[in-house]
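Here's model-v5.cif, which has mmCIF, C-alpha atoms; chains and numbers go by the auth columns:
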data_structure
#
loop_
_atom_site.group_PDB
_atom_site.id
_atom_site.type_symbol
_atom_site.label_atom_id
_atom_site.label_comp_id
_atom_site.label_asym_id
_atom_site.label_seq_id
_atom_site.Cartn_x
_atom_site.Cartn_y
_atom_site.Cartn_z
_atom_site.B_iso_or_equiv
_atom_site.auth_seq_id
_atom_site.auth_asym_id
ATOM 1 C CA MET A 1 13.764 17.294 5.936 0.00 292 A
ATOM 2 C CA THR A 2 17.048 15.914 4.685 0.00 293 A
ATOM 3 C CA ALA A 3 17.844 15.400 1.007 0.00 294 A
ATOM 4 C CA ASP A 4 18.056 11.608 1.326 0.00 295 A
ATOM 5 C CA ARG A 5 14.548 11.440 2.785 0.00 296 A
ATOM 6 C CA ILE A 6 13.175 13.658 0.024 0.00 297 A
ATOM 7 C CA GLN A 7 14.903 11.483 -2.558 0.00 298 A
ATOM 8 C CA TRP A 8 13.476 8.300 -0.964 0.00 299 A
ATOM 9 C CA TYR A 9 10.011 9.841 -1.030 0.00 300 A
ATOM 10 C CA ALA A 10 10.348 10.954 -4.672 0.00 301 A
ATOM 11 C CA GLU A 11 11.456 7.465 -5.724 0.00 302 A
ATOM 12 C CA ASN A 12 8.664 5.649 -3.860 0.00 303 A
ATOM 13 C CA GLU A 13 5.602 7.918 -3.855 0.00 304 A
ATOM 14 C CA LYS A 14 4.210 6.184 -6.953 0.00 305 A
ATOM 15 C CA TYR A 15 3.649 3.045 -4.880 0.00 306 A
ATOM 16 C CA PHE A 16 1.187 4.673 -2.438 0.00 307 A
ATOM 17 C CA SER A 17 -2.345 6.075 -2.541 0.00 308 A
ATOM 18 C CA GLN A 18 -2.589 9.875 -2.682 0.00 309 A
ATOM 19 C CA VAL A 19 -3.739 10.206 0.909 0.00 310 A
ATOM 20 C CA CYS A 20 -1.044 7.843 2.135 0.00 311 A
ATOM 21 C CA GLN A 21 1.568 9.849 0.212 0.00 312 A
ATOM 22 C CA LYS A 22 0.737 12.879 2.342 0.00 313 A
ATOM 23 C CA ALA A 23 0.864 10.884 5.568 0.00 314 A
ATOM 24 C CA ILE A 24 4.188 9.287 4.675 0.00 315 A
ATOM 25 C CA PHE A 25 5.708 12.622 3.703 0.00 316 A
ATOM 26 C CA SER A 26 4.613 14.040 7.051 0.00 317 A
ATOM 27 C CA MET A 27 5.959 11.047 8.984 0.00 318 A
ATOM 28 C CA LEU A 28 9.306 11.171 7.177 0.00 319 A
ATOM 29 C CA GLU A 29 10.096 14.427 8.926 0.00 320 A
ATOM 30 C CA ASP A 30 9.724 12.906 12.378 0.00 321 A
ATOM 31 C CA ILE A 31 11.062 9.370 12.184 0.00 322 A
ATOM 32 C CA ASP A 32 14.473 8.599 13.633 0.00 323 A
ATOM 33 C CA LYS A 33 17.494 7.503 11.597 0.00 324 A
ATOM 34 C CA GLU A 34 17.058 3.828 12.471 0.00 325 A
ATOM 35 C CA THR A 35 13.452 3.773 11.239 0.00 326 A
ATOM 36 C CA PHE A 36 14.454 5.594 8.067 0.00 327 A
ATOM 37 C CA GLN A 37 17.185 2.998 7.434 0.00 328 A
ATOM 38 C CA LYS A 38 14.512 0.286 7.737 0.00 329 A
ATOM 39 C CA ALA A 39 12.296 2.203 5.304 0.00 330 A
ATOM 40 C CA LYS A 40 15.125 2.384 2.771 0.00 331 A
ATOM 41 C CA LYS A 41 15.320 -1.425 2.802 0.00 332 A
ATOM 42 C CA LEU A 42 11.611 -1.936 2.116 0.00 333 A
ATOM 43 C CA LYS A 43 10.755 -3.501 -1.231 0.00 334 A
ATOM 44 C CA PHE A 44 7.496 -2.052 -2.485 0.00 335 A
ATOM 45 C CA LYS A 45 5.474 -3.837 -5.114 0.00 336 A
ATOM 46 C CA ASP A 46 4.850 -2.171 -8.471 0.00 337 A
ATOM 47 C CA PRO A 47 1.096 -1.939 -9.277 0.00 338 A
ATOM 48 C CA GLY A 48 1.861 -2.085 -13.022 0.00 339 A
ATOM 49 C CA LYS A 49 3.883 -5.257 -12.630 0.00 340 A
ATOM 50 C CA ALA A 50 1.114 -6.757 -10.468 0.00 341 A
ATOM 51 C CA PHE A 51 -1.402 -5.980 -13.204 0.00 342 A
ATOM 52 C CA MET A 52 0.765 -7.616 -15.868 0.00 343 A
ATOM 53 C CA LEU A 53 1.185 -10.699 -13.676 0.00 344 A
ATOM 54 C CA SER A 54 -2.579 -10.747 -13.223 0.00 345 A
ATOM 55 C CA VAL A 55 -3.212 -10.544 -16.971 0.00 346 A
ATOM 56 C CA LEU A 56 -0.613 -13.121 -17.966 0.00 347 A
ATOM 57 C CA CYS A 57 -0.840 -15.686 -15.189 0.00 348 A
ATOM 58 C CA GLY A 58 -3.418 -14.467 -12.679 0.00 349 A
ATOM 59 C CA TRP A 59 -5.452 -17.624 -13.196 0.00 350 A
ATOM 60 C CA LEU A 60 -2.544 -19.417 -11.469 0.00 351 A
ATOM 61 C CA GLY A 61 -2.559 -16.973 -8.539 0.00 352 A
ATOM 62 C CA ILE A 62 0.905 -15.582 -9.287 0.00 353 A
ATOM 63 C CA ASP A 63 -0.386 -12.026 -8.886 0.00 354 A
ATOM 64 C CA ARG A 64 -1.540 -12.780 -5.335 0.00 355 A
ATOM 65 C CA PHE A 65 1.755 -14.413 -4.415 0.00 356 A
ATOM 66 C CA TYR A 66 3.463 -11.243 -5.659 0.00 357 A
ATOM 67 C CA ILE A 67 1.536 -9.074 -3.173 0.00 358 A
ATOM 68 C CA LYS A 68 2.065 -11.536 -0.310 0.00 359 A
ATOM 69 C CA SER A 69 -1.435 -13.017 -0.338 0.00 360 A
ATOM 70 C CA PRO A 70 -0.517 -16.710 -0.541 0.00 361 A
ATOM 71 C CA ILE A 71 -3.808 -18.198 0.650 0.00 362 A
ATOM 72 C CA VAL A 72 -5.798 -16.572 -2.149 0.00 363 A
ATOM 73 C CA GLY A 73 -2.937 -17.404 -4.515 0.00 364 A
ATOM 74 C CA LEU A 74 -3.210 -21.081 -3.611 0.00 365 A
ATOM 75 C CA ILE A 75 -7.000 -20.990 -4.008 0.00 366 A
ATOM 76 C CA LYS A 76 -6.648 -19.407 -7.442 0.00 367 A
ATOM 77 C CA MET A 77 -3.964 -21.918 -8.404 0.00 368 A
ATOM 78 C CA GLY A 78 -6.028 -24.905 -7.293 0.00 369 A
ATOM 79 C CA THR A 79 -9.221 -23.747 -8.981 0.00 370 A
ATOM 80 C CA LEU A 80 -7.838 -22.132 -12.145 0.00 371 A
ATOM 81 C CA GLY A 81 -8.512 -18.635 -10.935 0.00 372 A
ATOM 82 C CA GLY A 82 -11.673 -19.598 -9.039 0.00 373 A
ATOM 83 C CA LEU A 83 -13.084 -20.922 -12.322 0.00 374 A
ATOM 84 C CA PHE A 84 -11.875 -17.632 -13.793 0.00 375 A
ATOM 85 C CA VAL A 85 -14.162 -15.597 -11.483 0.00 376 A
ATOM 86 C CA LEU A 86 -11.342 -14.551 -9.121 0.00 377 A
ATOM 87 C CA TYR A 87 -9.101 -14.036 -12.133 0.00 378 A
ATOM 88 C CA ILE A 88 -11.516 -11.508 -13.653 0.00 379 A
ATOM 89 C CA ILE A 89 -12.107 -9.775 -10.306 0.00 380 A
ATOM 90 C CA ASP A 90 -8.360 -9.401 -9.787 0.00 381 A
ATOM 91 C CA LEU A 91 -7.919 -7.882 -13.232 0.00 382 A
ATOM 92 C CA TYR A 92 -9.952 -4.957 -11.929 0.00 383 A
ATOM 93 C CA THR A 93 -8.665 -4.846 -8.350 0.00 384 A
ATOM 94 C CA ILE A 94 -5.020 -5.946 -8.329 0.00 385 A
ATOM 95 C CA LYS A 95 -3.583 -2.425 -8.683 0.00 386 A
ATOM 96 C CA LYS A 96 -5.576 -1.175 -5.677 0.00 387 A
ATOM 97 C CA ARG A 97 -4.633 -4.265 -3.682 0.00 388 A
ATOM 98 C CA THR A 98 -0.963 -3.668 -4.473 0.00 389 A
ATOM 99 C CA ILE A 99 -1.194 -0.033 -3.388 0.00 390 A
ATOM 100 C CA LYS A 100 -2.914 -1.126 -0.154 0.00 391 A
ATOM 101 C CA TYR A 101 -0.097 -3.606 0.447 0.00 392 A
ATOM 102 C CA ASN A 102 2.489 -0.846 -0.032 0.00 393 A
ATOM 103 C CA ASN A 103 0.570 1.595 2.201 0.00 394 A
ATOM 104 C CA LYS A 104 0.418 -0.943 4.996 0.00 395 A
ATOM 105 C CA LEU A 105 4.075 -1.910 4.625 0.00 396 A
ATOM 106 C CA ALA A 106 5.289 1.687 4.858 0.00 397 A
ATOM 107 C CA LEU A 107 2.986 2.725 7.682 0.00 398 A
ATOM 108 C CA LYS A 108 3.937 -0.307 9.757 0.00 399 A
ATOM 109 C CA CYS A 109 7.589 0.546 9.233 0.00 400 A
ATOM 110 C CA PHE A 110 6.875 4.072 10.491 0.00 401 A
ATOM 111 C CA ASN A 111 5.080 2.605 13.525 0.00 402 A
ATOM 112 C CA ALA A 112 1.712 4.154 12.674 0.00 403 A
ATOM 113 C CA ASN A 113 -0.946 3.310 15.227 0.00 404 A
ATOM 114 C CA ASP A 114 -3.846 0.919 14.557 0.00 405 A
ATOM 115 C CA GLU A 115 -6.400 3.655 13.792 0.00 406 A
ATOM 116 C CA VAL A 116 -4.238 5.100 11.029 0.00 407 A
ATOM 117 C CA LEU A 117 -3.556 1.643 9.585 0.00 408 A
ATOM 118 C CA TRP A 118 -7.283 0.840 9.605 0.00 409 A
ATOM 119 C CA CYS A 119 -8.124 4.052 7.752 0.00 410 A
ATOM 120 C CA PHE A 120 -5.584 3.425 5.012 0.00 411 A
ATOM 121 C CA GLU A 121 -6.429 -0.280 4.678 0.00 412 A
ATOM 122 C CA ASN A 122 -10.110 0.520 4.192 0.00 413 A
ATOM 123 C CA GLU A 123 -9.964 3.741 2.193 0.00 414 A
ATOM 124 C CA ASP A 124 -10.877 2.143 -1.137 0.00 415 A
ATOM 125 C CA ASP A 125 -13.336 -0.404 0.228 0.00 416 A
ATOM 126 C CA GLN A 126 -15.555 2.162 1.869 0.00 417 A
ATOM 127 C CA GLY A 127 -14.666 5.227 -0.191 0.00 418 A
ATOM 128 C CA ILE A 128 -14.248 7.229 3.015 0.00 419 A
ATOM 129 C CA LEU A 129 -11.212 9.158 1.893 0.00 420 A
ATOM 130 C CA GLU A 130 -12.415 10.041 -1.588 0.00 421 A
ATOM 131 C CA ASN A 131 -15.969 11.072 -0.830 0.00 422 A
ATOM 132 C CA ASN A 132 -16.014 12.139 2.777 0.00 423 A
ATOM 133 C CA GLN A 133 -14.315 15.362 3.900 0.00 424 A
ATOM 134 C CA LYS A 134 -14.995 14.596 7.540 0.00 425 A
ATOM 135 C CA ALA A 135 -13.086 11.311 7.374 0.00 426 A
ATOM 136 C CA ALA A 136 -10.153 13.029 5.689 0.00 427 A
ATOM 137 C CA SER A 137 -10.005 15.666 8.417 0.00 428 A
ATOM 138 C CA THR A 138 -10.160 12.924 11.083 0.00 429 A
ATOM 139 C CA ILE A 139 -7.164 11.234 9.506 0.00 430 A
ATOM 140 C CA ASN A 140 -5.283 14.530 9.424 0.00 431 A
ATOM 141 C CA THR A 141 -6.064 14.946 13.124 0.00 432 A
ATOM 142 C CA ILE A 142 -4.740 11.446 13.841 0.00 433 A
ATOM 143 C CA ILE A 143 -1.584 12.198 11.880 0.00 434 A
ATOM 144 C CA ASN A 144 -1.097 15.447 13.805 0.00 435 A
ATOM 145 C CA ILE A 145 -1.478 13.561 17.081 0.00 436 A
ATOM 146 C CA ILE A 146 1.163 11.068 15.933 0.00 437 A
ATOM 147 C CA ASP A 147 3.488 13.908 14.960 0.00 438 A
ATOM 148 C CA ASN A 148 3.211 15.439 18.442 0.00 439 A
#

Could you write out this structure as structure tokens?
Amino acid sequence: MTADRIQWYAENEKYFSQVCQKAIFSMLEDIDKETFQKAKKLKFKDPGKAFMLSVLCGWLGIDRFYIKSPIVGLIKMGTLGGLFVLYIIDLYTIKKRTIKYNNKLALKCFNANDEVLWCFENEDDQGILENNQKAASTINTIINIIDN
């Protein structure tokens, strides 16, 4: 792998889940120059910044606008954070939602297939990647198929 790809990975790995970090590192070796140039232009969202937006003005939906979820943002804005229910929920979930957004953004850029995207979008919701070795090995198999 070239030095610029390693540098890109080192600068951006903090924006992804641990499992997605491994997949992205693996995919970086195989993507073409054009795809890598697209990846360099991606603007990932900072989970810490999303959390601060959620704390300070989440009741206005600003945190959801930040992670490109405008419908929920508008709902929160129009209902004062869903009568503060959505506001409180987002205080606990906004970092994971931001990481999911970043995972999806990177994997789409790398042209990951739908099965891989589904696994990474649902890893926190169902706990499949943290608690289930079989699911993790299935994802590794999918990644190996993509690599070949």

* To do: Using all atoms listed in the file, find the one residue out of A:Ile322, A:Gln312, A:Lys334, A:Gly373 that sits nearest to Leu351 (chain A).
  =>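 Looking only at the distances to Leu351 (chain A), the closest residue turns out to be A:Gly373.
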
* To do: Pick out the residues sitting within 7 Å of region 352-362 of chain A, and hand them over as a ChimeraX atom specification; count all atoms listed in the file, and ignore anything fewer than 3 positions along from it in its own chain.
  => /A:336,341,344-345,348-349,365-368,372,389,392

* To do: Go through the shown structure with the PyMOL selection byres ((chain A and resi 319) around 9) and write out the matching residues as a PyMOL selection string.
  => chain A and resi 292+296-297+300+314-318+320-323+327+401

* **Selection dump of the PyMOL selection byres ((chain A and resi 304) around 12), as a PyMOL selection string** => chain A and resi 296-303+305-316+335-337+390+393-394+397

* Asked: With only C-alpha atoms as the basis for distance, which of A:Thr326, A:Asn435, A:Val346, A:Asp295 is at the shortest distance from Ile380 (chain A)?
  -> A:Val346

* Asked: From the list A:Lys324, A:Leu377, A:Leu398, A:Ala330, which residue is nearest Trp350 (chain A) when using all atoms listed in the file?
  ->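 Distance minimum relative to Trp350 (chain A) lands on A:Leu377.
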
* **Which of A:Leu396, A:Val376, A:Ala403, A:Ile385 sits closest to Lys340 (chain A) [using all atoms listed in the file]** => A:Ile385

* Quick one: distance from CA of Lys331 (chain A) to CA of Gly364 (chain A) in Å, one decimal? -> 27.8 Å

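Remark: for Tyr383 (chain A), the closest of the candidate residues A:Lys395, A:Val363, A:Thr370, A:Phe342 is A:Phe342 (distances computed over all atoms listed in the file).
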